[in-house]
Amino acid sequence: MEKKYQSLNQIQDALRSGQTNCKEVVSHYLEQIELHNEELNAFLEVYATEAMLMADALDQKLEAGQKMGRLFGMTIGIKDVICYKGHKVTAASRILENFESIYNATCVDRLLQEDAIILGRLNCDEFAMGSSSENSAFGPIRNADDPSKVPGGSSGGSAVAVQADMCLAALGSDTGGSVRQPASFCNVVGLKPSYGRISRHGLIAYASSFDIIGTLSNTIEDARILLDVMAGPDDFDSTTIQNKWNNTAKQVEAPKIAYFPAVMNHQGLDPEIKEKVEEFLGRQESKGAIVEPVDFPYLDYLVPTYYILTTAEASSNLARYDGAHYGHRSSQASSIEEMYRLSRTEAIGEEVRRRIMLGTFVLSAGHYDAYFTKAQKVRRLIADKTLEILSQYDFIVTPTTPTTAFPIDAGEYRDPISMYLADIYTVQANLAGVPAISLPLFQHSNGMPFGIQLLSGKFDEQKLLTYGQELMLD
Ligand code: GLN
């Protein structure tokens, strides 16, 4: 799809030279939303009037010669799991329908301080649980390249909003691939920073030791500036890392790249994706990179470990949606216990219920050691091995996804286990807490795009972005 603007730089140049103004920029995106959103269902809510008012204020500020924020001209959509004061946030769930945020997420505060314009709230899988954006209580999201297909999930609305030029960039959240997998399916850049790089304050929790806010954008430079604005310590999130984010490009001469033969020979991997990724690796080698196969013995443990630990954390995190504190409360109940049960049963969708039950099971007294404790140990092994590889290599390269976008309501993917396997290449970065990016480099002969994924060492987003930039320009 032809996009009017590819990057923030381009918009800022046009604004500063007087070629356009903020109101025109916002109008362009609102028109695109008007054209596409009814079919694609990416935005759950559009803040049209508010965005135009903000644009007007920014135009006046520029005219008055005042110093503009670094995100001046940035129109951004935020996933419906991120709190924006005075605006609804529902996690695409009936249980939070009509719930309004009473404070800003730290990342939202930081975006606004730099003059970003928030255009609206983006649809996703309920509580960010899913790989297809079909689990939203407010209807499935469609892929703009082929509306009969899914956009991936759970940040499907964020990917589609950028894909269909309905905003310049979007925020998503990534617990096991929710930024990168939809980025791959929708032909955009998806960045998952290191765990702790961006505050989770104001992000509705799914699995707190995995969750991180990420970005979807057309370009690496936009991913970089958004990260730069949002990154850094926050008193409201004690897991944010204290070391300062250093925004200078980090060139890697002759990068050392590891790939896993077990990944490349996995039976679920589409043969054409395999071929293109192999070609890619060959090309990097011929340009001077050192490309080596590395044994990663835990491939089969990634998805089970991820699902045991994330469902356990989810069952605890989601206990707060009980009908008593906030959100939906059943009107049918005649006792307090029934009120809890009915409120949750009426307003929580099937997949989220499945995960709460799974999580409660693995944490229950009789099964805790067999599942939860064991999975914690396996996570440690996976993380240690991943970090060891990344201390010897600059990057691990994998396909982002084993397939391209699949049809909405696809028979084989209806079964939850096959859906879980869609995350086979993305969950490793979350289990280890390292940064990863999906770059939109390929087109499949079936007409759909797909991405390649790069992982780098903990807190080494710079290297990832610099090399990613090189690859995008190639
Ligand atoms: N698709 C994965 C899941 O269903 C990842 C979700 C996410 O990253 N939020 O859990």
# chains A, B, ... in the order shown; residues from 1 in each chain; ligands from 1
call {"tool": "select_by_dssp", "arguments": {"residues": "region 118-226 of chain A", "states": "helix (DSSP H, G or I)", "output": "PyMOL selection string"}}
result
chain A and resi 126-128+156-163+180-186+220-226
call {"tool": "residues_near_ligand", "arguments": {"ligand": "ligand 1", "cutoff": "10 Å", "atoms": "only C-alpha atoms and all ligand atoms", "output": "JSON list (two decimals) with N, CA and C atoms, in the first residue's frame"}}
result
[["chain", "number", "residue", "atom", "x", "y", "z"],
["A", 124, "CYS", "N", -7.17, -5.67, 19.85],
["A", 124, "CYS", "CA", -6.15, -6.71, 20.05],
["A", 124, "CYS", "C", -6.84, -7.97, 20.56],
["A", 125, "ASP", "N", -6.08, -9.02, 20.77],
["A", 125, "ASP", "CA", -6.66, -10.20, 21.43],
["A", 125, "ASP", "C", -6.96, -9.84, 22.88],
["A", 126, "GLU", "N", -8.01, -10.45, 23.40],
["A", 126, "GLU", "CA", -8.42, -10.17, 24.77],
["A", 126, "GLU", "C", -7.25, -10.40, 25.74],
["A", 127, "PHE", "N", -6.96, -9.39, 26.54],
["A", 127, "PHE", "CA", -5.83, -9.43, 27.49],
["A", 127, "PHE", "C", -4.51, -9.82, 26.83],
["A", 128, "ALA", "N", -4.39, -9.51, 25.55],
["A", 128, "ALA", "CA", -3.15, -9.78, 24.78],
["A", 128, "ALA", "C", -2.84, -11.27, 24.68],
["A", 129, "MET", "N", -3.88, -12.09, 24.75],
["A", 129, "MET", "CA", -3.66, -13.53, 24.67],
["A", 129, "MET", "C", -4.16, -14.04, 23.33],
["A", 130, "GLY", "N", -3.20, -14.33, 22.45],
["A", 130, "GLY", "CA", -3.59, -14.86, 21.15],
["A", 130, "GLY", "C", -2.56, -14.53, 20.10],
["A", 131, "SER", "N", -2.73, -15.17, 18.93],
["A", 131, "SER", "CA", -1.78, -14.98, 17.84],
["A", 131, "SER", "C", -2.50, -14.63, 16.55],
["A", 132, "SER", "N", -3.77, -14.25, 16.65],
["A", 132, "SER", "CA", -4.52, -14.01, 15.42],
["A", 132, "SER", "C", -5.47, -12.81, 15.51],
["A", 133, "SER", "N", -5.56, -12.21, 16.68],
["A", 133, "SER", "CA", -6.51, -11.10, 16.90],
["A", 133, "SER", "C", -7.96, -11.53, 16.69],
["A", 135, "ASN", "N", -9.40, -13.20, 19.18],
["A", 135, "ASN", "CA", -9.93, -13.33, 20.54],
["A", 135, "ASN", "C", -10.46, -12.03, 21.13],
["A", 152, "GLY", "N", -2.36, -11.52, 12.58],
["A", 152, "GLY", "CA", -1.51, -11.96, 13.68],
["A", 152, "GLY", "C", -1.98, -11.33, 14.97],
["A", 153, "GLY", "N", -1.32, -11.69, 16.07],
["A", 153, "GLY", "CA", -1.77, -11.14, 17.34],
["A", 153, "GLY", "C", -0.67, -11.25, 18.38],
["A", 154, "SER", "N", -0.84, -10.69, 19.52],
["A", 154, "SER", "CA", -2.10, -10.08, 19.87],
["A", 154, "SER", "C", -2.22, -8.61, 19.46],
["A", 155, "SER", "N", -1.09, -7.96, 19.10],
["A", 155, "SER", "CA", -1.17, -6.53, 18.74],
["A", 155, "SER", "C", -1.60, -6.37, 17.29],
["A", 172, "GLY", "N", 2.46, -1.50, 20.84],
["A", 172, "GLY", "CA", 1.88, -2.81, 21.13],
["A", 172, "GLY", "C", 2.48, -3.29, 22.44],
["A", 173, "SER", "N", 2.16, -4.52, 22.81],
["A", 173, "SER", "CA", 2.86, -5.14, 23.93],
["A", 173, "SER", "C", 3.27, -6.51, 23.47],
["A", 174, "ASP", "N", 4.39, -7.00, 24.03],
["A", 174, "ASP", "CA", 4.96, -8.26, 23.56],
["A", 174, "ASP", "C", 5.33, -9.11, 24.76],
["A", 175, "THR", "N", 4.57, -10.18, 24.94],
["A", 175, "THR", "CA", 4.80, -11.12, 26.03],
["A", 175, "THR", "C", 5.47, -12.39, 25.50],
["A", 176, "GLY", "N", 5.10, -12.70, 24.25],
["A", 176, "GLY", "CA", 5.67, -13.90, 23.63],
["A", 176, "GLY", "C", 5.78, -13.75, 22.13],
["A", 177, "GLY", "N", 5.60, -12.54, 21.64],
["A", 177, "GLY", "CA", 5.69, -12.34, 20.19],
["A", 177, "GLY", "C", 4.64, -11.40, 19.65],
["A", 178, "SER", "N", 3.85, -10.83, 20.54],
["A", 178, "SER", "CA", 2.69, -10.05, 20.12],
["A", 178, "SER", "C", 2.97, -8.79, 19.33],
["A", 179, "VAL", "N", 4.21, -8.33, 19.31],
["A", 179, "VAL", "CA", 4.56, -7.22, 18.43],
["A", 179, "VAL", "C", 5.17, -7.77, 17.14],
["A", 180, "ARG", "N", 6.05, -8.75, 17.28],
["A", 180, "ARG", "CA", 6.82, -9.22, 16.12],
["A", 180, "ARG", "C", 6.00, -10.09, 15.17],
["A", 181, "GLN", "N", 5.16, -10.95, 15.71],
["A", 181, "GLN", "CA", 4.39, -11.84, 14.84],
["A", 181, "GLN", "C", 3.41, -11.05, 13.96],
["A", 182, "PRO", "N", 2.62, -10.12, 14.52],
["A", 182, "PRO", "CA", 1.78, -9.31, 13.63],
["A", 182, "PRO", "C", 2.60, -8.41, 12.70],
["A", 192, "LYS", "N", 10.63, -5.42, 19.85],
["A", 192, "LYS", "CA", 10.42, -5.78, 21.26],
["A", 192, "LYS", "C", 11.71, -5.45, 22.00],
["A", 205, "ALA", "N", -1.51, -5.91, 32.87],
["A", 205, "ALA", "CA", -0.58, -7.04, 32.97],
["A", 205, "ALA", "C", -1.17, -8.32, 32.40],
["A", 206, "TYR", "N", -0.34, -9.05, 31.67],
["A", 206, "TYR", "CA", -0.69, -10.41, 31.26],
["A", 206, "TYR", "C", 0.25, -11.33, 32.05],
["A", 207, "ALA", "N", 1.54, -11.33, 31.70],
["A", 207, "ALA", "CA", 2.51, -12.13, 32.44],
["A", 207, "ALA", "C", 3.68, -11.21, 32.77],
["A", 210, "PHE", "N", 7.38, -11.28, 31.69],
["A", 210, "PHE", "CA", 7.61, -11.36, 30.24],
["A", 210, "PHE", "C", 7.22, -10.08, 29.51],
["A", 211, "ASP", "N", 6.19, -9.39, 30.03],
["A", 211, "ASP", "CA", 5.57, -8.27, 29.30],
["A", 211, "ASP", "C", 6.55, -7.14, 29.03],
["A", 212, "ILE", "N", 6.46, -6.59, 27.83],
["A", 212, "ILE", "CA", 7.18, -5.36, 27.53],
["A", 212, "ILE", "C", 6.43, -4.61, 26.43],
["A", 213, "ILE", "N", 6.49, -3.31, 26.49],
["A", 213, "ILE", "CA", 5.86, -2.49, 25.44],
["A", 213, "ILE", "C", 6.79, -2.44, 24.25],
["A", 303, "VAL", "N", 7.93, -23.40, 23.75],
["A", 303, "VAL", "CA", 6.48, -23.12, 23.82],
["A", 303, "VAL", "C", 5.86, -23.67, 25.12],
["A", 306, "TYR", "N", 6.95, -21.46, 28.05],
["A", 306, "TYR", "CA", 6.26, -20.17, 27.95],
["A", 306, "TYR", "C", 4.82, -20.29, 28.44],
["A", 307, "TYR", "N", 4.12, -21.31, 28.01],
["A", 307, "TYR", "CA", 2.69, -21.40, 28.36],
["A", 307, "TYR", "C", 2.46, -21.81, 29.82],
["A", 310, "THR", "N", 3.51, -18.29, 31.67],
["A", 310, "THR", "CA", 2.64, -17.12, 31.42],
["A", 310, "THR", "C", 1.22, -17.38, 31.90],
["A", 311, "THR", "N", 0.74, -18.61, 31.79],
["A", 311, "THR", "CA", -0.63, -18.84, 32.30],
["A", 311, "THR", "C", -0.65, -18.74, 33.82],
["A", 351, "GLU", "N", -10.63, -18.12, 25.44],
["A", 351, "GLU", "CA", -9.18, -18.34, 25.50],
["A", 351, "GLU", "C", -8.61, -17.84, 26.83],
["A", 352, "VAL", "N", -9.10, -16.72, 27.29],
["A", 352, "VAL", "CA", -8.59, -16.16, 28.55],
["A", 352, "VAL", "C", -8.99, -17.08, 29.71],
["A", 355, "ARG", "N", -6.75, -20.04, 29.83],
["A", 355, "ARG", "CA", -5.42, -19.76, 30.39],
["A", 355, "ARG", "C", -5.49, -19.56, 31.90],
["A", 416, "PRO", "N", -6.15, -24.82, 19.91],
["A", 416, "PRO", "CA", -5.24, -23.92, 20.62],
["A", 416, "PRO", "C", -3.78, -24.34, 20.52],
["A", 419, "MET", "N", -2.27, -23.06, 17.44],
["A", 419, "MET", "CA", -2.16, -21.61, 17.54],
["A", 419, "MET", "C", -0.94, -21.25, 18.40],
["A", 420, "TYR", "N", -0.72, -22.00, 19.47],
["A", 420, "TYR", "CA", 0.42, -21.71, 20.34],
["A", 420, "TYR", "C", 1.74, -21.89, 19.59],
["A", 421, "LEU", "N", 1.76, -22.82, 18.63],
["A", 421, "LEU", "CA", 3.01, -23.06, 17.91],
["A", 421, "LEU", "C", 3.37, -21.93, 16.96],
["A", 422, "ALA", "N", 2.41, -21.04, 16.69],
["A", 422, "ALA", "CA", 2.71, -19.87, 15.86],
["A", 422, "ALA", "C", 3.77, -19.00, 16.53],
["A", 423, "ASP", "N", 3.99, -19.21, 17.83],
["A", 423, "ASP", "CA", 4.96, -18.38, 18.57],
["A", 423, "ASP", "C", 6.31, -19.05, 18.75],
["A", 424, "ILE", "N", 6.51, -20.15, 18.02],
["A", 424, "ILE", "CA", 7.69, -20.96, 18.32],
["A", 424, "ILE", "C", 9.01, -20.18, 18.23],
["A", 426, "THR", "N", 9.29, -16.76, 18.44],
["A", 426, "THR", "CA", 9.29, -15.45, 19.12],
["A", 426, "THR", "C", 9.43, -15.55, 20.64],
["A", 427, "VAL", "N", 8.98, -16.65, 21.24],
["A", 427, "VAL", "CA", 8.95, -16.68, 22.71],
["A", 427, "VAL", "C", 10.35, -16.72, 23.36],
["A", 430, "ASN", "N", 11.49, -13.48, 24.86],
["A", 430, "ASN", "CA", 10.81, -13.11, 26.11],
["A", 430, "ASN", "C", 11.25, -13.99, 27.27]]
call {"tool": "residues_around", "arguments": {"residues": "region 385-387 of chain A", "least_positions_apart": "2", "cutoff": "8 Å", "atoms": "only C-alpha atoms", "output": "VMD selection string"}}
result
chain A and resid 296 381 to 383 389 to 391 432 457 to 458
call {"tool": "residues_around", "arguments": {"residues": "region 275-287 of chain A", "least_positions_apart": "6", "cutoff": "12 Å", "atoms": "only C-alpha atoms", "output": "PyMOL selection string"}}
result
chain A and resi 253-261+263-265+269+293+395-402+439+441-445+449-454+467+470-471+474
call {"tool": "select_by_dssp", "arguments": {"residues": "region 98-128 of chain A", "states": "strand (DSSP E or B)", "output": "list in words"}}
result
Glu100, Ile117, Ile118, Leu119, Gly120, Arg121 and Leu122 of chain A
call {"tool": "residues_around", "arguments": {"residues": "Leu96 (chain A)", "least_positions_apart": "3", "cutoff": "12 Å", "atoms": "only C-alpha atoms", "output": "PyMOL selection string"}}
result
chain A and resi 80-81+88-93+99-101+126-127+137-138+204+318+320-323+325-329+343-344+346-349
call {"tool": "closest_residue", "arguments": {"among": "A:Ala319, A:Thr403, A:Glu34, A:Ala324", "to": "Glu338 (chain A)", "atoms": "only C-alpha atoms"}}
result
A:Ala324
